[in-house]
Amino acid sequence: MEPMLSVRNLVKRFGGLVAVNRVSLDVYPGEVVGLVGDNAAGKSTLIKCVSGVYHAEEGEIYFEGRRVSFAAPIEARRAGIETIYQDLALAGNLDVPANIFLGREVKKRYLGGLIRTLDEDHMLRESQTVLNSLEIRFPSLTVPIDKLSGGQRQAVAIARALYWKAKFIIMDEPTNNLGVVEQRKVLELIRRLREQGVPIILISHTLPDVFAVTDRIVVMHRGRKVTEKRTAETNSQEIVQYMVGALDDTRAQLQEA
Amino acid sequence: MAAESSSLAIASARTARQKQLVLIVSRVWAWVFLALLIAFFTASVFSTSGGSVNFLTLRNSQNILMAITPVLLMGLGQTFVIIAAGIDLSVGWVMGLASVISALVIADLVAQGMAETPAIVLGFVIGVIAAAIPGFINGVIIAKLRIPSFIVTLGMSFIARGISLLLSGGNVVIGQPPGVRAFGNESLLYLISGEGGGLYFLQRPNVTGEALQRLDRILPWPVVVTAIVVAIALFVLHKTQFGRHTYAIGGNREAALRAGVPVDRHIIMLYTLSGITCGIAGILHTARFNGGSSIAGDPLMLPSIAAVIIGGVSMFGGHGSVAGTVIGALIIAVLTTGLVMLNVQPFWQFIVVGIVVILAVLIDQARDLIIGRMESQG
Ligand SMILES: Nc1ncnc2c1ncn2[C@@H]1O[C@H](COP(=O)(O)OP(=O)(O)OP(=O)(O)O)[C@@H](O)[C@H]1O
Ligand SMILES: [Mg+2]
C-alpha cells in the first residue's frame with residue numbers, strides 16, 4: 001500500500017538550531033500515528049513544515065504520491081491536510097458556524113452575484129449536521145466560542161476539519177488544557193475519525209492517550225527521529241526511554257555500521 | 001437527591017435569567033441614556049427658558065443630525081478599523097485634506113470655465129480619492145511591514161496636516177460656485193408649518209419674510225449622504241463576508257490567517273475605507289461651510305473615537321457594531337446641543353463626554369465581571 005503522506009529527510013533550522021534533523025515519516029490510509037517527544041523535540045516544527053506554516057530547508061514531502069511544497073497553510077488545507085494546532089486557531093469572538101466556515105463562508109447571491117450576503121441559516125444547519133455526526137451536543141451554537149469549554153472548542157476544530165472533507169488530519173496536543181471528561185471525549189472523536197478512514201498524526205505528551213488511540217508511535221529527540229514502533233509491540237517504559245534519549249535506534253544503527 | 005438536583009436546576013435557571021438581564025442592560029443602556037438625555041434637556045430647556053424654548057423641535061433635531069455627520073462618518077470607518085484590532089489616528093487631518101483638495105479642485109475647474117455641476121462632482125470625487133490614498137498607505141504599512149497602526153496613523157496624521165496646510169496656505173479655500181453651498185445646506189424635504197404651509201420635496205419653496213421663519217429643512221443632503229453610508233456600513237459589517245472577516249481578524253488574526261482569510265489585503269482595505277469615510281466628511285464640510293478647511297477635522301478626531309467607544313466597540317478588537325457607533329455619536333451631539341441651549345458654558349460638554357466614555361467602558365467591564373462571576377459560581 002502507498003503511504004498517504006511521506007516525509008523524506010526533512011531538515012528545518014532556526015538560525016543555528018536544527019529543530020528538525022533529517023526526519024522521515026510515512027503515514028498510511030486509515031492509520032493513527034502518534035508523534036511523541038520531550039519539549040522542544042521538534043514535533044510542532046515537523047508538522048508545521050507539512051502543513052505549510054514553515055518551509056523546510058531540505059528534504060521532500062509527498063502527499064497522495066505527489067511531491068508537494070505548500071507556501072502557506074491555506075494551500076495545505078486546499079490539498080486536504082487539516083491541522084488542529086496546539087493553540088487551536090479559532091476566533092473566540094465568533095460563534096460555532098462562523099468558525100467552522102471561517103475563510104470559506106457560504107453566501108447568498110443577489111442581482112446576479114453583485115451583492116452577496118452570508119448565508120447564516122445554511123451555515124448553522126451544516127454545523128449542526130457535522131456536530132451531530134460526531135455526536136457532539138452544545139446548548140447553543142450561536143454564542144461566541146470563547147464562552148465554550150476547552151473540549152467544546154476542540155470539538156469545533158475537529159468538526160471543522162471533518163466538514164471540509166479533510167483527507168488527512170494533524171493534531172498538535174488536542175487534549176492539552178482539558179479536563180478528564182473532555183480528554184476522553186476528544187479521544188473518542190479521534191477513534192470516530194479513524195473509523196471514517198481519515199489518517200491522523202497525533203502529537204501528545206500524554207502517553208496513555210497515545211497508546212489508547214494510535215497504531216504506530218514515532219519518537220523524536222532533539223530534532224531527530226529516534227524510533228518508530230507499532231503501538232501493539234511496545235510499552236510506555238520503552239517509549240519514555242526513547243523520549244529521554246536513553247535509547248536511540250539511529251545511534252544503534254550508527255554503531256552497527 | 002432529586003430535591004437537591006431540582007433546586008440546583010432552579011438556581012441555574014435563575015442565574016441564566018440574571019445573566020440575560022445583565023446582557024440586556026449592557027446592550028441597551030446607551031439607548032436608555034440617550035432617551036434620558038433628551039428628556040432631561042427637553043425639561044430643563046423648557047423650564048430655564050420659562051416655557052418659550054423647546055428642545056424637541058423638528059428644527060433642533062435636524063441641527064443635531066447635521067452636527068453629528070462628520071463625527072459619525074469618521075466613526076464608521078473607525079468602527080471597522082477598531083473591530084479589526086487597529087486604530088486610525090489620522091482621520092481628522094485626512095478629513096481636512098479632503099476638504100481642502102475638493103475646494104481647490106472645484107475653484108480651479110470653475111475658474112477654467114467648466115460648468116458648475118461637473119466641476120463639483122469631479123472636485124468631490126477627487127477629494128474622496130485624496131483621502132483614500134493616505135488610508136491605503138496606512139494599510140499597506142500596517143499590514144505588510146507590521147508596524148503598529150497607532151504609530152503609522154499618527155505619522156500619517158502629521159503628513160496629511162502638513163500637505164493640507166501647504167496646499168491651502170493655512171487659509172480657508174474659497175471661490176466656490178453656489179451649488180457647493182446648496183449641496184451642504186439644502187435638503188431633501190421642506191416643511192412650512194402653519195398657515196399656507198405644506199411639505200415640499202426636493203424644491204425649496206420660494207418664500208420670504210415671516211413664512212421663511214416657519215420653513216424647516218428636513219433631511220439636509222449631508223444627513224442623507226451620511227444615512228446612506230450608515231446603511232452601507234450596517235450591511236457590510238453585519239451581513240457580508242467582509243464584515244465577518246473584520247471580526248475574525250480582530251478576534252484572532254493568526255486564526256484568520258490560517259483559515260485562509262486574506263488578512264493583509266483585508267487590513268489594507270479597512271484603512272482605505274476609513275480614509276474614504278473621512279473623505280466624505282471632508283467634502284461635506286466644504287459644502288456646508290462653502291470652502292475648504294484643513295483644520296476642519298482635527299477637533300472631531302477624538303469625539304469620533306469617543307463615539308465608537310461609547311457605542312461599545314472594544315479597543316482590543318473583535319467586538320462592536322455600527323448601531324453602537326451611531327448611538328455614541330448621537331449621545332455626543334445631543335449633549336453638545338443641549339448644553340448650548342441651556343446657556344451653560346459649552347466647555348462643559350467635554351467633561352460630560354469624558355465621563356460618558358469612561359462610564360461606557362466601566363459598564364462593559366462590569367458586564368464581563370458579573371457574568372464571569374456567575375459562570376464560576378454556576
Ligand atoms: N519560530 C521559531 N523560531 C525559532 N526557534 C523556534 C521556532 N519554533 C520553534 N523553535 C525552536 O525549535 C525547537 C523545536 O520546537 P518545537 O515547537 O517544534 O518543539 P515541540 O516538540 O513541539 O515541543 P513542545 O512539546 O514543547 O510543544 C525548540 O528549541 C524551539 O525553541
Ligand atoms: Mg509543540
# chains A, B, ... in the order shown; residues from 1 in each chain; ligands from 1

$ interface_residues --of "chain B" --to "chain A" --cutoff "8 Å" --atoms "only C-alpha atoms" --output "list in words"
Lys239, Thr240, Gln241, Arg244, His245, Tyr247, Ala248, Gly251, Asn252, Glu254, Ala255, Ala256, Arg258, Ala259, Gly260, Val261, Gly318 and His319 of chain B

$ write_last_selection --atoms "N, CA and C atoms" --output "PDB file, in the first residue's frame"
ATOM      1  N   LYS B 239     -23.645  41.738   7.543  1.00  0.00           N
ATOM      2  CA  LYS B 239     -24.272  40.773   6.634  1.00  0.00           C
ATOM      3  C   LYS B 239     -23.309  40.132   5.648  1.00  0.00           C
ATOM      4  N   THR B 240     -22.102  40.646   5.529  1.00  0.00           N
ATOM      5  CA  THR B 240     -21.243  40.135   4.454  1.00  0.00           C
ATOM      6  C   THR B 240     -19.993  39.438   4.987  1.00  0.00           C
ATOM      7  N   GLN B 241     -19.344  38.746   4.070  1.00  0.00           N
ATOM      8  CA  GLN B 241     -18.089  38.075   4.375  1.00  0.00           C
ATOM      9  C   GLN B 241     -17.030  39.081   4.807  1.00  0.00           C
ATOM     10  N   ARG B 244     -17.570  39.730   8.396  1.00  0.00           N
ATOM     11  CA  ARG B 244     -17.185  38.563   9.188  1.00  0.00           C
ATOM     12  C   ARG B 244     -15.663  38.492   9.334  1.00  0.00           C
ATOM     13  N   HIS B 245     -14.972  38.740   8.248  1.00  0.00           N
ATOM     14  CA  HIS B 245     -13.506  38.696   8.299  1.00  0.00           C
ATOM     15  C   HIS B 245     -12.943  39.819   9.164  1.00  0.00           C
ATOM     16  N   TYR B 247     -14.310  40.992  11.908  1.00  0.00           N
ATOM     17  CA  TYR B 247     -14.398  40.485  13.291  1.00  0.00           C
ATOM     18  C   TYR B 247     -13.347  39.406  13.545  1.00  0.00           C
ATOM     19  N   ALA B 248     -13.171  38.525  12.562  1.00  0.00           N
ATOM     20  CA  ALA B 248     -12.236  37.408  12.757  1.00  0.00           C
ATOM     21  C   ALA B 248     -10.810  37.915  12.964  1.00  0.00           C
ATOM     22  N   GLY B 251     -10.557  39.292  16.356  1.00  0.00           N
ATOM     23  CA  GLY B 251     -10.655  38.264  17.397  1.00  0.00           C
ATOM     24  C   GLY B 251      -9.387  37.445  17.505  1.00  0.00           C
ATOM     25  N   ASN B 252      -8.844  37.011  16.366  1.00  0.00           N
ATOM     26  CA  ASN B 252      -7.639  36.185  16.358  1.00  0.00           C
ATOM     27  C   ASN B 252      -7.037  36.226  14.954  1.00  0.00           C
ATOM     28  N   GLU B 254      -4.167  35.382  13.800  1.00  0.00           N
ATOM     29  CA  GLU B 254      -3.479  34.161  13.408  1.00  0.00           C
ATOM     30  C   GLU B 254      -4.477  33.113  12.909  1.00  0.00           C
ATOM     31  N   ALA B 255      -5.587  32.989  13.637  1.00  0.00           N
ATOM     32  CA  ALA B 255      -6.611  32.017  13.234  1.00  0.00           C
ATOM     33  C   ALA B 255      -7.193  32.389  11.880  1.00  0.00           C
ATOM     34  N   ALA B 256      -7.436  33.675  11.689  1.00  0.00           N
ATOM     35  CA  ALA B 256      -7.991  34.127  10.411  1.00  0.00           C
ATOM     36  C   ALA B 256      -7.025  33.802   9.277  1.00  0.00           C
ATOM     37  N   ARG B 258      -4.668  31.462   9.203  1.00  0.00           N
ATOM     38  CA  ARG B 258      -4.585  30.013   8.945  1.00  0.00           C
ATOM     39  C   ARG B 258      -5.842  29.498   8.276  1.00  0.00           C
ATOM     40  N   ALA B 259      -6.982  30.182   8.525  1.00  0.00           N
ATOM     41  CA  ALA B 259      -8.231  29.740   7.901  1.00  0.00           C
ATOM     42  C   ALA B 259      -8.327  30.214   6.458  1.00  0.00           C
ATOM     43  N   GLY B 260      -7.337  30.971   5.999  1.00  0.00           N
ATOM     44  CA  GLY B 260      -7.354  31.385   4.605  1.00  0.00           C
ATOM     45  C   GLY B 260      -7.967  32.750   4.368  1.00  0.00           C
ATOM     46  N   VAL B 261      -8.223  33.506   5.431  1.00  0.00           N
ATOM     47  CA  VAL B 261      -8.695  34.879   5.248  1.00  0.00           C
ATOM     48  C   VAL B 261      -7.521  35.710   4.708  1.00  0.00           C
ATOM     49  N   GLY B 318     -12.480  42.877  17.848  1.00  0.00           N
ATOM     50  CA  GLY B 318     -13.357  41.716  17.857  1.00  0.00           C
ATOM     51  C   GLY B 318     -14.805  41.970  18.247  1.00  0.00           C
ATOM     52  N   HIS B 319     -15.079  43.137  18.837  1.00  0.00           N
ATOM     53  CA  HIS B 319     -16.443  43.408  19.293  1.00  0.00           C
ATOM     54  C   HIS B 319     -16.886  44.810  18.896  1.00  0.00           C
TER      55      HIS B 319
END

$ residues_near_ligand --ligand "ligand 1" --cutoff "10 Å" --atoms "only C-alpha atoms and all ligand atoms" --output "ChimeraX atom specification"
/A:12-20,35-49,53-54,86,172-173,203-205,220-223

$ atom_distance --atom1 "CA of Leu362 (chain B)" --atom2 "CA of Thr337 (chain B)"
25.3 Å

$ residues_around --residues "Asn290 (chain B)" --least-positions-apart "3" --cutoff "7 Å" --atoms "only C-alpha atoms" --output "NGL selection string"
:B and (176 or 180-181 or 286-287)

$ select_by_dssp --residues "region 75-272 of chain B" --states "strand (DSSP E or B)" --output "list in words"
Val173, Ser187, Leu188, Leu189, Tyr190, Leu191, Ile192, Gly198, Leu199, Tyr200, Phe201, Leu215, Asp216, Arg217, Ile218, Leu219 and Pro220 of chain B

$ write_last_selection --atoms "all heavy atoms" --output "compact mmCIF listing (two decimals), in the first residue's frame"
# COMPACT_ATOMS: atom_id res chain seq x y z
N VAL B 173 -10.08 77.71 1.81
CA VAL B 173 -10.08 77.77 0.34
C VAL B 173 -11.45 78.24 -0.12
O VAL B 173 -12.46 77.54 0.09
CB VAL B 173 -9.76 76.39 -0.27
CG1 VAL B 173 -9.79 76.46 -1.78
CG2 VAL B 173 -8.42 75.90 0.24
N SER B 187 -31.96 70.67 1.37
CA SER B 187 -32.37 69.38 1.91
C SER B 187 -33.31 68.62 0.99
O SER B 187 -33.76 69.12 -0.04
CB SER B 187 -33.01 69.57 3.27
OG SER B 187 -34.15 70.37 3.13
N LEU B 188 -33.59 67.42 1.40
CA LEU B 188 -34.47 66.54 0.64
C LEU B 188 -35.91 67.03 0.72
O LEU B 188 -36.64 67.03 -0.26
CB LEU B 188 -34.35 65.12 1.21
CG LEU B 188 -35.10 64.00 0.53
CD1 LEU B 188 -34.55 63.75 -0.86
CD2 LEU B 188 -35.00 62.72 1.35
N LEU B 189 -36.32 67.46 1.92
CA LEU B 189 -37.70 67.88 2.15
C LEU B 189 -37.72 69.26 2.80
O LEU B 189 -36.78 69.63 3.50
CB LEU B 189 -38.40 66.91 3.10
CG LEU B 189 -38.68 65.50 2.62
CD1 LEU B 189 -39.05 64.63 3.80
CD2 LEU B 189 -39.79 65.50 1.59
N TYR B 190 -38.80 69.98 2.55
CA TYR B 190 -39.00 71.26 3.23
C TYR B 190 -40.40 71.26 3.81
O TYR B 190 -41.34 70.75 3.20
CB TYR B 190 -38.86 72.42 2.25
CG TYR B 190 -37.48 72.50 1.64
CD1 TYR B 190 -37.20 71.81 0.47
CD2 TYR B 190 -36.48 73.24 2.24
CE1 TYR B 190 -35.94 71.85 -0.08
CE2 TYR B 190 -35.21 73.29 1.69
CZ TYR B 190 -34.95 72.60 0.53
OH TYR B 190 -33.70 72.65 -0.03
N LEU B 191 -40.52 71.85 4.98
CA LEU B 191 -41.83 71.92 5.60
C LEU B 191 -42.09 73.36 6.02
O LEU B 191 -41.27 73.98 6.71
CB LEU B 191 -41.88 71.01 6.84
CG LEU B 191 -43.19 71.03 7.61
CD1 LEU B 191 -44.28 70.28 6.85
CD2 LEU B 191 -43.00 70.43 8.99
N ILE B 192 -43.20 73.89 5.56
CA ILE B 192 -43.63 75.17 6.11
C ILE B 192 -44.82 74.86 7.00
O ILE B 192 -45.85 74.37 6.54
CB ILE B 192 -44.03 76.16 5.00
CG1 ILE B 192 -42.81 76.45 4.12
CG2 ILE B 192 -44.57 77.45 5.62
CD1 ILE B 192 -43.09 77.40 2.99
N GLY B 198 -46.96 73.67 3.92
CA GLY B 198 -47.04 72.38 3.26
C GLY B 198 -45.69 71.73 3.22
O GLY B 198 -44.70 72.28 3.71
N LEU B 199 -45.68 70.53 2.65
CA LEU B 199 -44.45 69.75 2.55
C LEU B 199 -43.95 69.84 1.11
O LEU B 199 -44.71 69.64 0.17
CB LEU B 199 -44.74 68.30 2.95
CG LEU B 199 -43.53 67.42 3.24
CD1 LEU B 199 -42.75 67.93 4.44
CD2 LEU B 199 -44.00 65.99 3.49
N TYR B 200 -42.69 70.15 0.95
CA TYR B 200 -42.13 70.29 -0.39
C TYR B 200 -41.00 69.30 -0.57
O TYR B 200 -40.15 69.17 0.31
CB TYR B 200 -41.63 71.71 -0.62
CG TYR B 200 -42.71 72.73 -0.43
CD1 TYR B 200 -42.99 73.19 0.85
CD2 TYR B 200 -43.45 73.21 -1.51
CE1 TYR B 200 -44.00 74.11 1.05
CE2 TYR B 200 -44.45 74.13 -1.32
CZ TYR B 200 -44.73 74.59 -0.04
OH TYR B 200 -45.72 75.49 0.16
N PHE B 201 -40.97 68.63 -1.71
CA PHE B 201 -39.98 67.61 -1.98
C PHE B 201 -38.92 68.16 -2.92
O PHE B 201 -39.25 68.70 -3.98
CB PHE B 201 -40.68 66.38 -2.59
CG PHE B 201 -39.78 65.20 -2.76
CD1 PHE B 201 -39.22 64.57 -1.65
CD2 PHE B 201 -39.49 64.72 -4.02
CE1 PHE B 201 -38.39 63.48 -1.81
CE2 PHE B 201 -38.66 63.62 -4.18
CZ PHE B 201 -38.10 63.00 -3.07
N LEU B 215 -40.11 78.00 7.81
CA LEU B 215 -39.59 76.98 6.90
C LEU B 215 -38.57 76.09 7.62
O LEU B 215 -37.62 76.58 8.21
CB LEU B 215 -38.91 77.66 5.70
CG LEU B 215 -38.21 76.71 4.72
CD1 LEU B 215 -39.22 75.97 3.85
CD2 LEU B 215 -37.23 77.47 3.84
N ASP B 216 -38.81 74.81 7.55
CA ASP B 216 -37.86 73.86 8.14
C ASP B 216 -37.28 72.97 7.06
O ASP B 216 -37.99 72.47 6.19
CB ASP B 216 -38.57 72.96 9.16
CG ASP B 216 -38.54 73.59 10.54
OD1 ASP B 216 -37.48 74.13 10.91
OD2 ASP B 216 -39.59 73.57 11.22
N ARG B 217 -35.96 72.77 7.14
CA ARG B 217 -35.32 71.82 6.24
C ARG B 217 -35.35 70.45 6.91
O ARG B 217 -34.91 70.32 8.05
CB ARG B 217 -33.88 72.22 5.96
CG ARG B 217 -33.76 73.52 5.20
CD ARG B 217 -32.30 73.89 5.02
NE ARG B 217 -32.19 75.07 4.18
CZ ARG B 217 -32.35 76.32 4.63
NH1 ARG B 217 -32.61 76.52 5.90
NH2 ARG B 217 -32.25 77.34 3.80
N ILE B 218 -35.85 69.48 6.19
CA ILE B 218 -35.86 68.13 6.74
C ILE B 218 -34.90 67.27 5.92
O ILE B 218 -34.97 67.26 4.69
CB ILE B 218 -37.28 67.52 6.71
CG1 ILE B 218 -38.25 68.45 7.44
CG2 ILE B 218 -37.28 66.13 7.36
CD1 ILE B 218 -39.68 67.99 7.38
N LEU B 219 -34.03 66.57 6.59
CA LEU B 219 -33.00 65.74 5.95
C LEU B 219 -32.13 66.53 4.98
O LEU B 219 -32.21 66.36 3.77
CB LEU B 219 -33.64 64.54 5.23
CG LEU B 219 -34.40 63.58 6.14
CD1 LEU B 219 -35.00 62.45 5.32
CD2 LEU B 219 -33.49 63.00 7.23
N PRO B 220 -31.30 67.42 5.50
CA PRO B 220 -30.32 68.10 4.64
C PRO B 220 -29.44 67.07 3.93
O PRO B 220 -29.23 65.96 4.43
CB PRO B 220 -29.49 68.92 5.63
CG PRO B 220 -30.31 68.99 6.88
CD PRO B 220 -31.15 67.76 6.90

$ residues_around --residues "region 185-190 of chain A" --least-positions-apart "6" --cutoff "10 Å" --atoms "only C-alpha atoms" --output "list in words"
Val32, Leu134, Glu135, Ile136, Gly151, Gln152, Gln154, Ala155, Ile158, Ala159, Ile169, Met171, Pro174, Thr175, Leu178, Gly179, Gln196, Val198, Pro199, Ile200, Leu202, Asp209, Val210, Ala212, Val213 and Thr214 of chain A
